[in-house]
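So the structure is just underneath, and the comments pick up after that.
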Amino acid sequence: MVRYLLKRIGYILLSLFFIVSITFALMKLAPGGPFTSERKTSPAIEEQMKEAYGLNDPIHEQYFKYLINAAQLDFGPSFKYEGQEVMDIIKRSFPYSLILGLESIFIALGFGVLFGAIAAIRHNRMGDYTVMIIAILGISVPSFIMATILQYIFSIKLELLPIARFESIAHTILPAFALATTPLAFIARLMRSSMLDVLSADYIKTAKSKGLSERVVIYRHALRNAILPVVSYLGPLVAGILTGSFIIEKIFAIPGLGSEFVVSITNRDYTVIMGTTVFFSMILLVSILIVDLIYGLIDPRIKVTGKGANH
């Protein structure tokens with residue numbers, strides 16, 4: 001187990017090295033610069049600013065310096081926000097993204113597993129058809145379209161929930177549901193398919209033949225095995241929630257890390273772009289590792305060893 005963890009941590013560090021390197025290269029190849037704006041800066045002032053931020057140093061020196069600092073979670077100062085470090089921006093904005101992301105994951109998992117189980121149990125009946133229609137709509141409609149629909153119905157027409165900002169739990173409901181819609185629909189379809197396979201398995205038929213009630217068979221035997229594919233989807237789910245939060249935070253005027261990332265691209269704030277990219281990548285890679293460990297805990301038949309996970 002320890003050997004497996006060390007091996008996976010090594011892969012995470014290697015992946016982060018490539019992510020930092022590629023991000024740094026892309027930022028240097030991108031047209032324009034951090035001090036390029038509609039209001040023209042005099043060449044003398046622009047040169048002083050480049051010198052102050054070390055942008056006149058040779059590329060290899062800038063790269064190695066950034067690599068060493070990134071390893072210490074020091075992403076440098078923001079080029080656009082005077083006197084602010086990138087880590088200060090991350091610390092300030094990430095809690096908003098974390099709350100929104102966790103809420104979206106719980107909604108997607110809770111309703112997705114519930115709807116998928118209902119569809120499987122009510123196979124080829126009204127409950128199954130209803131869930132599948134909802135799932136198709138959820139997958140077909142992009143999150144930003146769903147966000148505007150929810151705002152129009154629940155904020156403008158019904159006046160039940162706030163249309164934007166992040167000042168209370170009520171402000172998180174609409175963006176969380178908008179962000180969770182697509183993964184919820186995918187989980188419902190995945191759970192339905194997995195549940196149907198499990199319900200047709202021999203051991204389920206044996207449990208029923210022993211006189212066990214349908215409720216006991218479903219909750220004690222079927223659900224535990226049917227939910228395994230959903231657990232394996234948690235890694236991509238976290239990735240989808242993180243990337244989807246960029247535009248959702250912007251639509252709902254939430255001062256989260258996704259919104260800061262979008263603004264940093266507009267501002268050509270290189271250090272913020274690179275810092276948020278590396279930070280999001282760290283979260284994604286660690287979450288995938290945690291999902292693999294949870295997968296082994298849910299199903300004891302799966303062994304996690306130094307040679308990898310044996311399924």
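Residue numbering restarts at 1 for every chain of the structure tokens, chains are lettered A, B, ... in their displayed order, and ligands are numbered from 1 as they appear.
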
Inset, instruction - Excluding Met87 (chain A) and residues on its chain fewer than 5 positions from it, collect all residues at most 9 Å away from it, counting only C-alpha atoms, and give them as a PyMOL selection string. - result: chain A and resi 73-77+92+272+275-276

Inset, instruction - Report the residues of region 45-129 of chain A whose backbone DSSP state falls under alpha helix (DSSP H), written as number ranges by chain. - result: A: 45-52, 59-71, 86-121, 126-129

Legend entry - Residue contacts of Leu289 (chain A) (12 Å, only C-alpha atoms) excluding same-chain residues fewer than 2 positions away, as a PyMOL selection string: chain A and resi 4-12+232+234-236+238+282-287+291-296+304+308-309

Would you mind exporting N, CA, C and O atoms of the selected residues as a short mmCIF file (atom, residue, chain, number, x, y, z; two decimals), in the first residue's frame?
```
data_model
loop_
_atom_site.label_atom_id
_atom_site.label_comp_id
_atom_site.auth_asym_id
_atom_site.auth_seq_id
_atom_site.Cartn_x
_atom_site.Cartn_y
_atom_site.Cartn_z
N TYR A 4 2.58 1.63 -3.29
CA TYR A 4 1.62 2.10 -4.30
C TYR A 4 1.41 3.61 -4.18
O TYR A 4 1.40 4.34 -5.18
N LEU A 5 1.24 4.09 -2.93
CA LEU A 5 1.04 5.52 -2.71
C LEU A 5 2.24 6.34 -3.17
O LEU A 5 2.09 7.39 -3.81
N LEU A 6 3.44 5.86 -2.85
CA LEU A 6 4.65 6.57 -3.26
C LEU A 6 4.77 6.62 -4.78
O LEU A 6 5.18 7.63 -5.36
N LYS A 7 4.39 5.51 -5.42
CA LYS A 7 4.45 5.46 -6.88
C LYS A 7 3.46 6.45 -7.48
O LYS A 7 3.79 7.18 -8.43
N ARG A 8 2.25 6.50 -6.93
CA ARG A 8 1.23 7.42 -7.46
C ARG A 8 1.61 8.88 -7.21
O ARG A 8 1.39 9.75 -8.05
N ILE A 9 2.19 9.15 -6.04
CA ILE A 9 2.65 10.51 -5.74
C ILE A 9 3.76 10.92 -6.72
O ILE A 9 3.82 12.07 -7.16
N GLY A 10 4.62 9.96 -7.05
CA GLY A 10 5.67 10.23 -8.05
C GLY A 10 5.07 10.60 -9.40
O GLY A 10 5.54 11.53 -10.06
N TYR A 11 4.03 9.88 -9.81
CA TYR A 11 3.34 10.19 -11.06
C TYR A 11 2.70 11.58 -11.01
O TYR A 11 2.70 12.31 -12.00
N ILE A 12 2.14 11.93 -9.85
CA ILE A 12 1.51 13.25 -9.69
C ILE A 12 2.56 14.35 -9.84
O ILE A 12 2.33 15.35 -10.54
N SER A 232 -15.94 5.20 -9.92
CA SER A 232 -14.82 5.37 -10.85
C SER A 232 -14.99 6.64 -11.70
O SER A 232 -14.01 7.14 -12.26
N LEU A 234 -15.89 9.49 -10.43
CA LEU A 234 -15.67 10.66 -9.57
C LEU A 234 -14.50 11.52 -10.05
O LEU A 234 -14.55 12.74 -9.94
N GLY A 235 -13.45 10.89 -10.57
CA GLY A 235 -12.31 11.66 -11.07
C GLY A 235 -12.69 12.59 -12.21
O GLY A 235 -12.51 13.81 -12.13
N PRO A 236 -13.28 12.04 -13.31
CA PRO A 236 -13.78 12.93 -14.37
C PRO A 236 -14.85 13.91 -13.89
O PRO A 236 -14.95 15.01 -14.42
N VAL A 238 -14.99 15.45 -10.94
CA VAL A 238 -14.29 16.58 -10.34
C VAL A 238 -13.72 17.49 -11.44
O VAL A 238 -13.82 18.72 -11.36
N MET A 282 -3.36 20.27 -9.57
CA MET A 282 -3.05 19.57 -8.32
C MET A 282 -4.30 18.97 -7.71
O MET A 282 -4.30 17.80 -7.28
N ILE A 283 -5.38 19.75 -7.67
CA ILE A 283 -6.63 19.26 -7.10
C ILE A 283 -7.14 18.06 -7.88
O ILE A 283 -7.57 17.05 -7.30
N LEU A 284 -7.09 18.15 -9.20
CA LEU A 284 -7.58 17.06 -10.05
C LEU A 284 -6.77 15.79 -9.85
O LEU A 284 -7.35 14.70 -9.67
N LEU A 285 -5.46 15.89 -9.85
CA LEU A 285 -4.61 14.71 -9.71
C LEU A 285 -4.76 14.05 -8.34
O LEU A 285 -4.82 12.83 -8.24
N VAL A 286 -4.85 14.87 -7.30
CA VAL A 286 -5.03 14.32 -5.95
C VAL A 286 -6.42 13.68 -5.82
O VAL A 286 -6.57 12.62 -5.20
N SER A 287 -7.43 14.29 -6.42
CA SER A 287 -8.79 13.73 -6.34
C SER A 287 -8.86 12.38 -7.04
O SER A 287 -9.56 11.47 -6.57
N VAL A 291 -10.00 8.89 -5.29
CA VAL A 291 -11.06 8.06 -5.86
C VAL A 291 -10.59 6.61 -5.99
O VAL A 291 -11.33 5.68 -5.67
N ASP A 292 -9.37 6.40 -6.43
CA ASP A 292 -8.82 5.05 -6.55
C ASP A 292 -8.78 4.35 -5.19
O ASP A 292 -9.08 3.15 -5.08
N LEU A 293 -8.40 5.09 -4.15
CA LEU A 293 -8.35 4.50 -2.81
C LEU A 293 -9.76 4.18 -2.29
O LEU A 293 -9.99 3.13 -1.68
N ILE A 294 -10.71 5.09 -2.55
CA ILE A 294 -12.11 4.85 -2.14
C ILE A 294 -12.68 3.64 -2.86
O ILE A 294 -13.41 2.83 -2.28
N TYR A 295 -12.33 3.49 -4.14
CA TYR A 295 -12.80 2.36 -4.94
C TYR A 295 -12.40 1.04 -4.29
O TYR A 295 -13.19 0.10 -4.22
N GLY A 296 -11.15 0.99 -3.80
CA GLY A 296 -10.68 -0.22 -3.14
C GLY A 296 -11.37 -0.47 -1.80
O GLY A 296 -11.57 -1.62 -1.40
N VAL A 304 -5.18 -2.86 -3.74
CA VAL A 304 -4.28 -1.77 -4.08
C VAL A 304 -2.90 -2.14 -3.58
O VAL A 304 -2.68 -2.24 -2.37
N GLY A 308 0.21 -1.58 -8.48
CA GLY A 308 -0.93 -0.90 -9.06
C GLY A 308 -2.22 -1.48 -8.54
O GLY A 308 -2.24 -2.36 -7.70
N ALA A 309 -3.31 -1.01 -9.02
CA ALA A 309 -4.63 -1.47 -8.60
C ALA A 309 -5.04 -2.63 -9.47
O ALA A 309 -5.12 -2.53 -10.68
#
```

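Ranking A:Gly116, A:Gly244, A:Pro255, A:Pro175 by their shortest atom-to-atom distance to Asp128 (chain A), with only C-alpha atoms included, puts A:Gly116 first.
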
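Each of A:Thr266, A:Ser97, A:Arg3, A:Lys28 was compared to Pro58 (chain A) using only C-alpha atoms, and A:Lys28 turns out to be the nearest.
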